Amino acid sequence: MPDTAPALLPDPTLARERDLDALAGLLPFDARERLAVLLTDEDAATLKHLARSGMGANTLRALASDLGYLEAWCLAATGHPLPWPATEALALKFVAHHLWDPAERESDPRHGMPSAVEDELRTRSLLRVAGPHAVSTVRRRLAHWSTLHRFRGADGPFKAPRLRTALSLAVRANRRPRARKSARAVTAVVIEKLLATCLYEHRLVDVRDRALLLVAFASGGRRRAEVASLRVEDLVREAAVPRNPADPDGPMVAKLTIRLGRTKTTTAEDDARVVVIGRAATALIDWLALSRIESGAVFRRIDRWGRLGAMALDPQSVNAILKARCARAGLDPALFSAHGLRSGFMTEAGKQGVPLPEAMQLSQHRSVQQAARYYNEAEIDQGKAVRLIG
C-alpha cells in the first residue's frame, strides 16, 4: 500500500501574508513581510475591514506600521501578544517606555525602556532612535491604538485621567526637540535652483519634473501623496486670467483648477479644489501635451531609457525626485524632503506678506497654529524685537 504523505497544515504566517498582499497597494512594500510575522489574524482582518470602509491609503499605511510596532513592543515588554482591550497599566507602560528624561536615565538605568525590550525591537529593525521617542510619534501610536479599539468594538483606556496625566508629565520631561519633516523649506529661491536642472524641454523626465515641482509648490504646497494621486480627470482648464489682477488689460496667463478629492485633512465628499495659474499651469499643460496623457495618472514613472510608464508615481518617488533635483542643483539632499514644498509655500507666503487666511485657503491647512508657525519663523528676523540692543 503506497505511503500517503501527511497533509500539510496551513502556515498562519503565510495566510496573513496573503491577506496583506490583498492590501498591497496600501501597505509599505518593504514592511509587508515583517508585518505578516508581527500581525495576528485579527489584525489582518481589521486592516482589510478598514480598507473596505474607505480609509485613506496613507492613514492605513501608518496605522498598519504602528500596529506592527505595538504588537512587537508588547511581546517584548510583556511576553504576550497585544490584548484587546488593552489595560490602562499597559498603556501607561507604553508611555513610560517611550517618553522619558535622559537626565534621570543617567542616575537610574531602570528609567525608560528596559534594555532587553530595546534590544528586541532593534533586532526587528523597529527601533532606530537613541533616547526617548518624539512626542508626535507616541501621540500618533496612541491615537491609532485607540482607533483600532473602536473598530474592534472594544473600550480602550485612552481617555483615562491617569493616562492623560502621565502623558502630560512625560511630555514635559521629554527633552527631545521636535524634528522637522524637512530640515529646510523649499522656498521660491530653492524652487528656481531646482527648475534650472530641468534643462531640456523635449525630455520627458525634465518636463515632468518641472511640472511636478511647480504644481506641488504653487497649488499650496501639496503633500507628496496628493501629487502622486493627481489624475487628469481632476483637472479643469479655465479661461486665462490677468497676470496682475490690478491690471485687467495686461498680459493673460493660463489657469487650471485642481480637484483634490480626499486628502489628509478632507474627505472625498468635501470636494476641495485649488487653483494654479501662470508658470505652474503652463508647465502642467506642456507635460500633458508632450506625454500625450489624456486620462488617468498625471505624473507617471519614466524608466532609464526615457520611456513613459502607465503606472502613477508613488509618494516616495515624489520625495526621490525632489532629492535628485537637489543633488543636481548642488544642494544637500539630506536637508530637503517633499514636505519642504509645503513648508516652503507657507514660508514664502509669509515673506511676501500674503495674508494667512489666503495662504491657508490654498494650502488647505486646518490648524491656524500650524500654519502661523511658518509665518512667525519667516518674519521674526525682520522685526524690532530681535534688535533691541543693536
# chains A, B, ... in the order shown; residues from 1 in each chain; ligands from 1
call {"tool": "residues_around", "arguments": {"residues": "segment 87-93 of chain A", "least_positions_apart": "4", "cutoff": "7 Å", "atoms": "only C-alpha atoms", "output": "PyMOL selection string"}}
result
chain A and resi 97+157+163
call {"tool": "write_last_selection", "arguments": {"atoms": "C-alpha atoms", "output": "PDB file, in the first residue's frame"}}
result
ATOM      1  CA  HIS A  97       8.961  53.140  27.821  1.00  0.00           C
ATOM      2  CA  PRO A 157      -8.085  53.068  28.332  1.00  0.00           C
ATOM      3  CA  LEU A 163      -3.098  58.053  31.363  1.00  0.00           C
TER       4      LEU A 163
END
call {"tool": "residues_around", "arguments": {"residues": "Ser229 of chain A", "least_positions_apart": "3", "cutoff": "12 Å", "atoms": "only C-alpha atoms", "output": "PyMOL selection string"}}
result
chain A and resi 56-58+212+216+222-226+232-234+258-263+296-300+311-318
call {"tool": "atom_distance", "arguments": {"atom1": "atom CA of His202 of chain A", "atom2": "atom CA of Ser295 of chain A"}}
result
21.1 Å
call {"tool": "residues_around", "arguments": {"residues": "Trp100 of chain A", "least_positions_apart": "4", "cutoff": "9 Å", "atoms": "only C-alpha atoms", "output": "mmCIF file with all heavy atoms, in the first residue's frame"}}
result
data_model
loop_
_atom_site.group_PDB
_atom_site.id
_atom_site.type_symbol
_atom_site.label_atom_id
_atom_site.label_comp_id
_atom_site.auth_asym_id
_atom_site.auth_seq_id
_atom_site.Cartn_x
_atom_site.Cartn_y
_atom_site.Cartn_z
ATOM 1 N N VAL A 95 3.779 54.502 27.542
ATOM 2 C CA VAL A 95 4.235 55.892 27.684
ATOM 3 C C VAL A 95 5.574 55.943 28.415
ATOM 4 O O VAL A 95 6.506 56.644 28.008
ATOM 5 C CB VAL A 95 3.172 56.737 28.418
ATOM 6 C CG1 VAL A 95 3.722 58.126 28.757
ATOM 7 C CG2 VAL A 95 1.908 56.861 27.576
ATOM 8 N N ALA A 96 5.684 55.178 29.514
ATOM 9 C CA ALA A 96 6.914 55.181 30.311
ATOM 10 C C ALA A 96 8.107 54.660 29.522
ATOM 11 O O ALA A 96 9.240 55.118 29.721
ATOM 12 C CB ALA A 96 6.710 54.342 31.571
ATOM 13 N N GLU A 104 17.410 61.739 33.988
ATOM 14 C CA GLU A 104 17.027 60.771 35.011
ATOM 15 C C GLU A 104 17.615 59.401 34.690
ATOM 16 O O GLU A 104 18.003 58.650 35.592
ATOM 17 C CB GLU A 104 15.497 60.678 35.088
ATOM 18 C CG GLU A 104 14.956 59.702 36.115
ATOM 19 C CD GLU A 104 15.218 60.138 37.552
ATOM 20 O OE1 GLU A 104 15.502 61.335 37.765
ATOM 21 O OE2 GLU A 104 15.118 59.289 38.463
ATOM 22 N N ARG A 105 17.712 59.076 33.397
ATOM 23 C CA ARG A 105 18.248 57.780 32.967
ATOM 24 C C ARG A 105 19.718 57.638 33.392
ATOM 25 O O ARG A 105 20.182 56.534 33.687
ATOM 26 C CB ARG A 105 18.125 57.671 31.449
ATOM 27 C CG ARG A 105 18.648 56.382 30.819
ATOM 28 C CD ARG A 105 17.730 55.190 31.142
ATOM 29 N NE ARG A 105 18.042 54.045 30.320
ATOM 30 C CZ ARG A 105 17.405 53.722 29.195
ATOM 31 N NH1 ARG A 105 16.441 54.508 28.746
ATOM 32 N NH2 ARG A 105 17.723 52.661 28.524
ATOM 33 N N HIS A 111 15.116 53.632 34.439
ATOM 34 C CA HIS A 111 14.196 54.635 33.919
ATOM 35 C C HIS A 111 14.083 54.496 32.395
ATOM 36 O O HIS A 111 15.074 54.323 31.701
ATOM 37 C CB HIS A 111 14.719 56.037 34.276
ATOM 38 C CG HIS A 111 13.839 57.155 33.793
ATOM 39 N ND1 HIS A 111 12.605 57.413 34.334
ATOM 40 C CD2 HIS A 111 14.032 58.079 32.816
ATOM 41 C CE1 HIS A 111 12.079 58.462 33.723
ATOM 42 N NE2 HIS A 111 12.926 58.879 32.795
ATOM 43 N N GLY A 112 12.870 54.552 31.872
ATOM 44 C CA GLY A 112 12.655 54.449 30.435
ATOM 45 C C GLY A 112 12.486 53.026 29.968
ATOM 46 O O GLY A 112 12.089 52.135 30.726
ATOM 47 N N MET A 113 12.808 52.756 28.725
ATOM 48 C CA MET A 113 12.631 51.427 28.137
ATOM 49 C C MET A 113 13.731 50.486 28.612
ATOM 50 O O MET A 113 14.916 50.803 28.485
ATOM 51 C CB MET A 113 12.652 51.516 26.606
ATOM 52 C CG MET A 113 12.374 50.184 25.907
ATOM 53 S SD MET A 113 12.404 50.304 24.082
ATOM 54 C CE MET A 113 10.915 51.260 23.777
ATOM 55 N N GLY A 131 17.509 57.102 22.614
ATOM 56 C CA GLY A 131 16.879 58.026 23.540
ATOM 57 C C GLY A 131 15.375 57.949 23.432
ATOM 58 O O GLY A 131 14.822 57.054 22.764
ATOM 59 N N PRO A 132 14.678 58.873 24.078
ATOM 60 C CA PRO A 132 13.211 58.850 24.044
ATOM 61 C C PRO A 132 12.677 59.103 22.645
ATOM 62 O O PRO A 132 13.350 59.680 21.799
ATOM 63 C CB PRO A 132 12.834 59.980 25.010
ATOM 64 C CG PRO A 132 14.016 60.890 25.030
ATOM 65 C CD PRO A 132 15.208 60.005 24.871
ATOM 66 N N HIS A 133 11.444 58.676 22.431
ATOM 67 C CA HIS A 133 10.802 58.889 21.135
ATOM 68 C C HIS A 133 10.317 60.327 21.007
ATOM 69 O O HIS A 133 10.198 61.051 21.988
ATOM 70 C CB HIS A 133 9.601 57.947 20.983
ATOM 71 C CG HIS A 133 9.984 56.579 20.510
ATOM 72 N ND1 HIS A 133 10.984 55.845 21.076
ATOM 73 C CD2 HIS A 133 9.489 55.816 19.493
ATOM 74 C CE1 HIS A 133 11.084 54.676 20.458
ATOM 75 N NE2 HIS A 133 10.193 54.641 19.492
ATOM 76 N N ALA A 170 4.991 63.187 31.052
ATOM 77 C CA ALA A 170 6.080 62.612 30.253
ATOM 78 C C ALA A 170 6.501 63.568 29.145
ATOM 79 O O ALA A 170 7.683 63.678 28.825
ATOM 80 C CB ALA A 170 5.638 61.272 29.668
ATOM 81 N N VAL A 171 5.529 64.270 28.564
ATOM 82 C CA VAL A 171 5.844 65.234 27.510
ATOM 83 C C VAL A 171 6.721 66.352 28.061
ATOM 84 O O VAL A 171 7.670 66.809 27.422
ATOM 85 C CB VAL A 171 4.554 65.803 26.895
ATOM 86 C CG1 VAL A 171 4.851 67.020 26.022
ATOM 87 C CG2 VAL A 171 3.839 64.734 26.070
ATOM 88 N N ALA A 173 8.791 66.099 30.556
ATOM 89 C CA ALA A 173 10.119 65.571 30.882
ATOM 90 C C ALA A 173 10.929 65.256 29.636
ATOM 91 O O ALA A 173 12.156 65.245 29.665
ATOM 92 C CB ALA A 173 9.979 64.304 31.731
ATOM 93 N N ASN A 174 10.231 65.005 28.528
ATOM 94 C CA ASN A 174 10.913 64.639 27.293
ATOM 95 C C ASN A 174 11.626 65.853 26.709
ATOM 96 O O ASN A 174 11.003 66.863 26.407
ATOM 97 C CB ASN A 174 9.894 64.090 26.281
ATOM 98 C CG ASN A 174 10.554 63.603 25.008
ATOM 99 O OD1 ASN A 174 10.889 64.384 24.137
ATOM 100 N ND2 ASN A 174 10.718 62.298 24.910
ATOM 101 N N ARG A 175 12.925 65.742 26.542
ATOM 102 C CA ARG A 175 13.714 66.880 26.079
ATOM 103 C C ARG A 175 14.159 66.747 24.632
ATOM 104 O O ARG A 175 14.994 67.510 24.169
ATOM 105 C CB ARG A 175 14.951 67.041 26.975
ATOM 106 C CG ARG A 175 14.591 67.248 28.427
ATOM 107 C CD ARG A 175 15.822 67.483 29.279
ATOM 108 N NE ARG A 175 15.468 67.580 30.688
ATOM 109 C CZ ARG A 175 16.346 67.856 31.645
ATOM 110 N NH1 ARG A 175 17.613 68.051 31.348
ATOM 111 N NH2 ARG A 175 15.955 67.924 32.892
#
call {"tool": "residues_around", "arguments": {"residues": "Arg325 of chain A", "least_positions_apart": "3", "cutoff": "7 Å", "atoms": "only C-alpha atoms", "output": "ChimeraX atom specification"}}
result
/A:194,197,321-322,328-329
call {"tool": "residues_around", "arguments": {"residues": "Ala349 of chain A", "least_positions_apart": "2", "cutoff": "10 Å", "atoms": "only C-alpha atoms", "output": "list in words"}}
result
Thr187, Ala188, Gly220, Ser343, Gly344, Phe345, Met346, Thr347, Lys351, Gln352, Gly353, Val354, Pro355, Leu356, Glu358, Ala359, Met360, Tyr374, Tyr375 and Ala378 of chain A
call {"tool": "residues_around", "arguments": {"residues": "Cys198 of chain A", "least_positions_apart": "6", "cutoff": "12 Å", "atoms": "only C-alpha atoms", "output": "PyMOL selection string"}}
result
chain A and resi 191-192+204-214+283+321-322+324-326+328-329
call {"tool": "select_by_dssp", "arguments": {"residues": "segment 45-270 of chain A", "states": "helix (DSSP H, G or I)", "output": "PyMOL selection string"}}
result
chain A and resi 45-52+57-78+88-98+102-107+115-123+135-151+161-173+188-195+204-218+224-228+232-234+268-270
call {"tool": "atom_distance", "arguments": {"atom1": "atom CA of Leu290 of chain A", "atom2": "atom CA of Leu308 of chain A"}}
result
10.8 Å
call {"tool": "atom_distance", "arguments": {"atom1": "atom CA of Ala240 of chain A", "atom2": "atom CA of Met252 of chain A"}}
result
5.8 Å
call {"tool": "select_by_dssp", "arguments": {"residues": "segment 151-350 of chain A", "states": "strand (DSSP E or B)", "output": "PDB file with N, CA and C atoms, in the first residue's frame"}}
result
ATOM      1  N   ARG A 231      -4.914  63.057 -10.945  1.00  0.00           N
ATOM      2  CA  ARG A 231      -5.379  62.430 -12.187  1.00  0.00           C
ATOM      3  C   ARG A 231      -5.876  63.502 -13.156  1.00  0.00           C
ATOM      4  N   LEU A 235      -8.499  67.667 -13.277  1.00  0.00           N
ATOM      5  CA  LEU A 235      -8.070  68.968 -13.792  1.00  0.00           C
ATOM      6  C   LEU A 235      -9.164  69.608 -14.639  1.00  0.00           C
ATOM      7  N   VAL A 236      -9.327  70.903 -14.467  1.00  0.00           N
ATOM      8  CA  VAL A 236     -10.258  71.671 -15.303  1.00  0.00           C
ATOM      9  C   VAL A 236      -9.504  72.885 -15.839  1.00  0.00           C
ATOM     10  N   ARG A 237      -9.408  72.974 -17.149  1.00  0.00           N
ATOM     11  CA  ARG A 237      -8.748  74.134 -17.751  1.00  0.00           C
ATOM     12  C   ARG A 237      -9.733  75.280 -17.837  1.00  0.00           C
ATOM     13  N   GLU A 238      -9.371  76.380 -17.227  1.00  0.00           N
ATOM     14  CA  GLU A 238     -10.245  77.544 -17.157  1.00  0.00           C
ATOM     15  C   GLU A 238      -9.789  78.599 -18.160  1.00  0.00           C
ATOM     16  N   ALA A 239     -10.602  79.652 -18.297  1.00  0.00           N
ATOM     17  CA  ALA A 239     -10.221  80.780 -19.137  1.00  0.00           C
ATOM     18  C   ALA A 239      -9.001  81.475 -18.548  1.00  0.00           C
ATOM     19  N   ALA A 240      -8.158  82.002 -19.399  1.00  0.00           N
ATOM     20  CA  ALA A 240      -6.959  82.709 -18.939  1.00  0.00           C
ATOM     21  C   ALA A 240      -7.349  83.895 -18.058  1.00  0.00           C
ATOM     22  N   VAL A 241      -6.454  84.241 -17.142  1.00  0.00           N
ATOM     23  CA  VAL A 241      -6.699  85.339 -16.200  1.00  0.00           C
ATOM     24  C   VAL A 241      -5.545  86.338 -16.292  1.00  0.00           C
ATOM     25  N   PRO A 242      -5.768  87.596 -15.854  1.00  0.00           N
ATOM     26  CA  PRO A 242      -4.688  88.583 -15.889  1.00  0.00           C
ATOM     27  C   PRO A 242      -3.551  88.181 -14.958  1.00  0.00           C
ATOM     28  N   MET A 252      -2.178  88.043 -20.083  1.00  0.00           N
ATOM     29  CA  MET A 252      -3.024  86.976 -19.556  1.00  0.00           C
ATOM     30  C   MET A 252      -2.189  85.710 -19.368  1.00  0.00           C
ATOM     31  N   VAL A 253      -2.549  84.903 -18.359  1.00  0.00           N
ATOM     32  CA  VAL A 253      -1.819  83.667 -18.080  1.00  0.00           C
ATOM     33  C   VAL A 253      -2.797  82.509 -17.934  1.00  0.00           C
ATOM     34  N   ALA A 254      -2.277  81.299 -18.127  1.00  0.00           N
ATOM     35  CA  ALA A 254      -3.114  80.100 -18.055  1.00  0.00           C
ATOM     36  C   ALA A 254      -3.614  79.856 -16.636  1.00  0.00           C
ATOM     37  N   LYS A 255      -4.754  79.191 -16.534  1.00  0.00           N
ATOM     38  CA  LYS A 255      -5.357  78.868 -15.229  1.00  0.00           C
ATOM     39  C   LYS A 255      -5.903  77.451 -15.267  1.00  0.00           C
ATOM     40  N   LEU A 256      -5.624  76.688 -14.200  1.00  0.00           N
ATOM     41  CA  LEU A 256      -6.174  75.339 -14.014  1.00  0.00           C
ATOM     42  C   LEU A 256      -6.784  75.224 -12.632  1.00  0.00           C
ATOM     43  N   THR A 257      -7.898  74.543 -12.548  1.00  0.00           N
ATOM     44  CA  THR A 257      -8.477  74.189 -11.252  1.00  0.00           C
ATOM     45  C   THR A 257      -8.193  72.708 -11.013  1.00  0.00           C
ATOM     46  N   ILE A 258      -7.750  72.394  -9.793  1.00  0.00           N
ATOM     47  CA  ILE A 258      -7.405  71.015  -9.431  1.00  0.00           C
ATOM     48  C   ILE A 258      -8.346  70.548  -8.327  1.00  0.00           C
ATOM     49  N   ARG A 259      -9.035  69.449  -8.586  1.00  0.00           N
ATOM     50  CA  ARG A 259      -9.869  68.839  -7.552  1.00  0.00           C
ATOM     51  C   ARG A 259      -8.995  67.889  -6.741  1.00  0.00           C
ATOM     52  N   ARG A 273     -10.939  72.089  -3.741  1.00  0.00           N
ATOM     53  CA  ARG A 273     -10.337  72.479  -5.003  1.00  0.00           C
ATOM     54  C   ARG A 273      -9.320  73.580  -4.774  1.00  0.00           C
ATOM     55  N   VAL A 274      -8.266  73.572  -5.578  1.00  0.00           N
ATOM     56  CA  VAL A 274      -7.276  74.640  -5.545  1.00  0.00           C
ATOM     57  C   VAL A 274      -7.031  75.099  -6.981  1.00  0.00           C
ATOM     58  N   VAL A 275      -6.415  76.254  -7.108  1.00  0.00           N
ATOM     59  CA  VAL A 275      -6.177  76.849  -8.426  1.00  0.00           C
ATOM     60  C   VAL A 275      -4.689  77.079  -8.616  1.00  0.00           C
ATOM     61  N   VAL A 276      -4.197  76.841  -9.819  1.00  0.00           N
ATOM     62  CA  VAL A 276      -2.840  77.237 -10.195  1.00  0.00           C
ATOM     63  C   VAL A 276      -2.927  78.086 -11.463  1.00  0.00           C
ATOM     64  N   ILE A 277      -2.082  79.112 -11.524  1.00  0.00           N
ATOM     65  CA  ILE A 277      -2.062  79.977 -12.698  1.00  0.00           C
ATOM     66  C   ILE A 277      -0.611  80.186 -13.127  1.00  0.00           C
ATOM     67  N   ALA A 297      -3.474  58.740 -14.342  1.00  0.00           N
ATOM     68  CA  ALA A 297      -2.460  59.412 -13.528  1.00  0.00           C
ATOM     69  C   ALA A 297      -1.738  60.500 -14.314  1.00  0.00           C
ATOM     70  N   ARG A 300       3.704  60.088 -13.932  1.00  0.00           N
ATOM     71  CA  ARG A 300       3.962  58.654 -14.076  1.00  0.00           C
ATOM     72  C   ARG A 300       5.460  58.366 -14.083  1.00  0.00           C
ATOM     73  N   ARG A 301       5.763  57.101 -13.890  1.00  0.00           N
ATOM     74  CA  ARG A 301       7.155  56.673 -13.891  1.00  0.00           C
ATOM     75  C   ARG A 301       7.743  56.752 -15.295  1.00  0.00           C
ATOM     76  N   ILE A 302       9.022  57.078 -15.336  1.00  0.00           N
ATOM     77  CA  ILE A 302       9.781  57.100 -16.588  1.00  0.00           C
ATOM     78  C   ILE A 302      11.023  56.249 -16.360  1.00  0.00           C
ATOM     79  N   LEU A 308       7.888  56.297 -21.011  1.00  0.00           N
ATOM     80  CA  LEU A 308       6.826  56.618 -20.060  1.00  0.00           C
ATOM     81  C   LEU A 308       6.044  55.365 -19.692  1.00  0.00           C
ATOM     82  N   GLY A 309       5.838  55.149 -18.403  1.00  0.00           N
ATOM     83  CA  GLY A 309       5.068  54.004 -17.939  1.00  0.00           C
ATOM     84  C   GLY A 309       3.601  54.339 -17.773  1.00  0.00           C
ATOM     85  N   ALA A 310       2.808  53.325 -17.496  1.00  0.00           N
ATOM     86  CA  ALA A 310       1.372  53.514 -17.286  1.00  0.00           C
ATOM     87  C   ALA A 310       1.041  53.738 -15.821  1.00  0.00           C
ATOM     88  N   MET A 311       1.997  53.389 -14.936  1.00  0.00           N
ATOM     89  CA  MET A 311       1.737  53.463 -13.500  1.00  0.00           C
ATOM     90  C   MET A 311       2.029  54.864 -12.962  1.00  0.00           C
ATOM     91  N   ALA A 312       1.218  55.273 -11.992  1.00  0.00           N
ATOM     92  CA  ALA A 312       1.435  56.554 -11.327  1.00  0.00           C
ATOM     93  C   ALA A 312       2.668  56.477 -10.434  1.00  0.00           C
TER      94      ALA A 312
END
call {"tool": "decode", "arguments": {"residues": "segment 57-125 of chain A", "atoms": "C-alpha atoms", "output": "PDB file, in the first residue's frame"}}
result
ATOM      1  CA  ALA A  57      -4.244  54.905   1.860  1.00  0.00           C
ATOM      2  CA  ASN A  58      -1.684  56.961   3.776  1.00  0.00           C
ATOM      3  CA  THR A  59      -3.622  56.653   7.028  1.00  0.00           C
ATOM      4  CA  LEU A  60      -3.900  52.887   6.568  1.00  0.00           C
ATOM      5  CA  ARG A  61      -0.158  52.561   5.888  1.00  0.00           C
ATOM      6  CA  ALA A  62       0.699  54.458   9.055  1.00  0.00           C
ATOM      7  CA  LEU A  63      -1.876  52.540  11.086  1.00  0.00           C
ATOM      8  CA  ALA A  64      -0.600  49.157   9.866  1.00  0.00           C
ATOM      9  CA  SER A  65       3.004  50.056  10.655  1.00  0.00           C
ATOM     10  CA  ASP A  66       2.071  51.329  14.106  1.00  0.00           C
ATOM     11  CA  LEU A  67       0.013  48.229  14.812  1.00  0.00           C
ATOM     12  CA  GLY A  68       3.014  46.065  13.894  1.00  0.00           C
ATOM     13  CA  TYR A  69       5.212  48.122  16.227  1.00  0.00           C
ATOM     14  CA  LEU A  70       2.701  47.866  19.096  1.00  0.00           C
ATOM     15  CA  GLU A  71       2.470  44.090  18.680  1.00  0.00           C
ATOM     16  CA  ALA A  72       6.276  43.755  18.719  1.00  0.00           C
ATOM     17  CA  TRP A  73       6.683  46.104  21.687  1.00  0.00           C
ATOM     18  CA  CYS A  74       4.002  44.335  23.740  1.00  0.00           C
ATOM     19  CA  LEU A  75       5.530  40.925  23.048  1.00  0.00           C
ATOM     20  CA  ALA A  76       8.988  42.192  24.054  1.00  0.00           C
ATOM     21  CA  ALA A  77       7.733  44.053  27.134  1.00  0.00           C
ATOM     22  CA  THR A  78       5.246  41.500  28.500  1.00  0.00           C
ATOM     23  CA  GLY A  79       5.912  38.213  26.704  1.00  0.00           C
ATOM     24  CA  HIS A  80       2.327  38.216  25.379  1.00  0.00           C
ATOM     25  CA  PRO A  81       0.573  39.468  22.234  1.00  0.00           C
ATOM     26  CA  LEU A  82      -1.278  42.771  22.335  1.00  0.00           C
ATOM     27  CA  PRO A  83      -4.506  42.298  24.336  1.00  0.00           C
ATOM     28  CA  TRP A  84      -7.872  43.627  23.180  1.00  0.00           C
ATOM     29  CA  PRO A  85      -8.928  45.654  25.008  1.00  0.00           C
ATOM     30  CA  ALA A  86      -5.625  46.956  26.345  1.00  0.00           C
ATOM     31  CA  THR A  87      -5.393  47.669  30.037  1.00  0.00           C
ATOM     32  CA  GLU A  88      -4.667  51.075  31.475  1.00  0.00           C
ATOM     33  CA  ALA A  89      -1.493  49.646  33.018  1.00  0.00           C
ATOM     34  CA  LEU A  90      -0.245  48.535  29.590  1.00  0.00           C
ATOM     35  CA  ALA A  91      -0.893  51.963  28.068  1.00  0.00           C
ATOM     36  CA  LEU A  92       0.939  53.598  30.990  1.00  0.00           C
ATOM     37  CA  LYS A  93       3.858  51.213  30.448  1.00  0.00           C
ATOM     38  CA  PHE A  94       3.960  52.206  26.769  1.00  0.00           C
ATOM     39  CA  VAL A  95       4.235  55.892  27.684  1.00  0.00           C
ATOM     40  CA  ALA A  96       6.914  55.181  30.311  1.00  0.00           C
ATOM     41  CA  HIS A  97       8.961  53.140  27.821  1.00  0.00           C
ATOM     42  CA  HIS A  98       8.895  55.796  25.101  1.00  0.00           C
ATOM     43  CA  LEU A  99       8.817  59.213  26.771  1.00  0.00           C
ATOM     44  CA  TRP A 100      11.422  59.608  29.477  1.00  0.00           C
ATOM     45  CA  ASP A 101      14.001  62.026  30.847  1.00  0.00           C
ATOM     46  CA  PRO A 102      17.576  61.351  29.645  1.00  0.00           C
ATOM     47  CA  ALA A 103      18.971  63.119  32.739  1.00  0.00           C
ATOM     48  CA  GLU A 104      17.027  60.771  35.011  1.00  0.00           C
ATOM     49  CA  ARG A 105      18.248  57.780  32.967  1.00  0.00           C
ATOM     50  CA  GLU A 106      21.860  58.704  33.795  1.00  0.00           C
ATOM     51  CA  SER A 107      21.229  58.232  37.523  1.00  0.00           C
ATOM     52  CA  ASP A 108      18.667  55.419  37.235  1.00  0.00           C
ATOM     53  CA  PRO A 109      19.291  52.845  34.438  1.00  0.00           C
ATOM     54  CA  ARG A 110      15.813  51.400  35.067  1.00  0.00           C
ATOM     55  CA  HIS A 111      14.196  54.635  33.919  1.00  0.00           C
ATOM     56  CA  GLY A 112      12.655  54.449  30.435  1.00  0.00           C
ATOM     57  CA  MET A 113      12.631  51.427  28.137  1.00  0.00           C
ATOM     58  CA  PRO A 114      14.381  48.332  29.568  1.00  0.00           C
ATOM     59  CA  SER A 115      17.475  47.311  27.620  1.00  0.00           C
ATOM     60  CA  ALA A 116      16.033  43.853  26.852  1.00  0.00           C
ATOM     61  CA  VAL A 117      12.967  45.413  25.219  1.00  0.00           C
ATOM     62  CA  GLU A 118      15.130  47.888  23.341  1.00  0.00           C
ATOM     63  CA  ASP A 119      17.412  45.131  22.055  1.00  0.00           C
ATOM     64  CA  GLU A 120      14.468  43.062  20.832  1.00  0.00           C
ATOM     65  CA  LEU A 121      12.983  45.993  18.919  1.00  0.00           C
ATOM     66  CA  ARG A 122      16.354  46.851  17.387  1.00  0.00           C
ATOM     67  CA  THR A 123      16.769  43.232  16.288  1.00  0.00           C
ATOM     68  CA  ARG A 124      13.494  43.540  14.424  1.00  0.00           C
ATOM     69  CA  SER A 125      14.659  46.863  12.892  1.00  0.00           C
TER      70      SER A 125
END
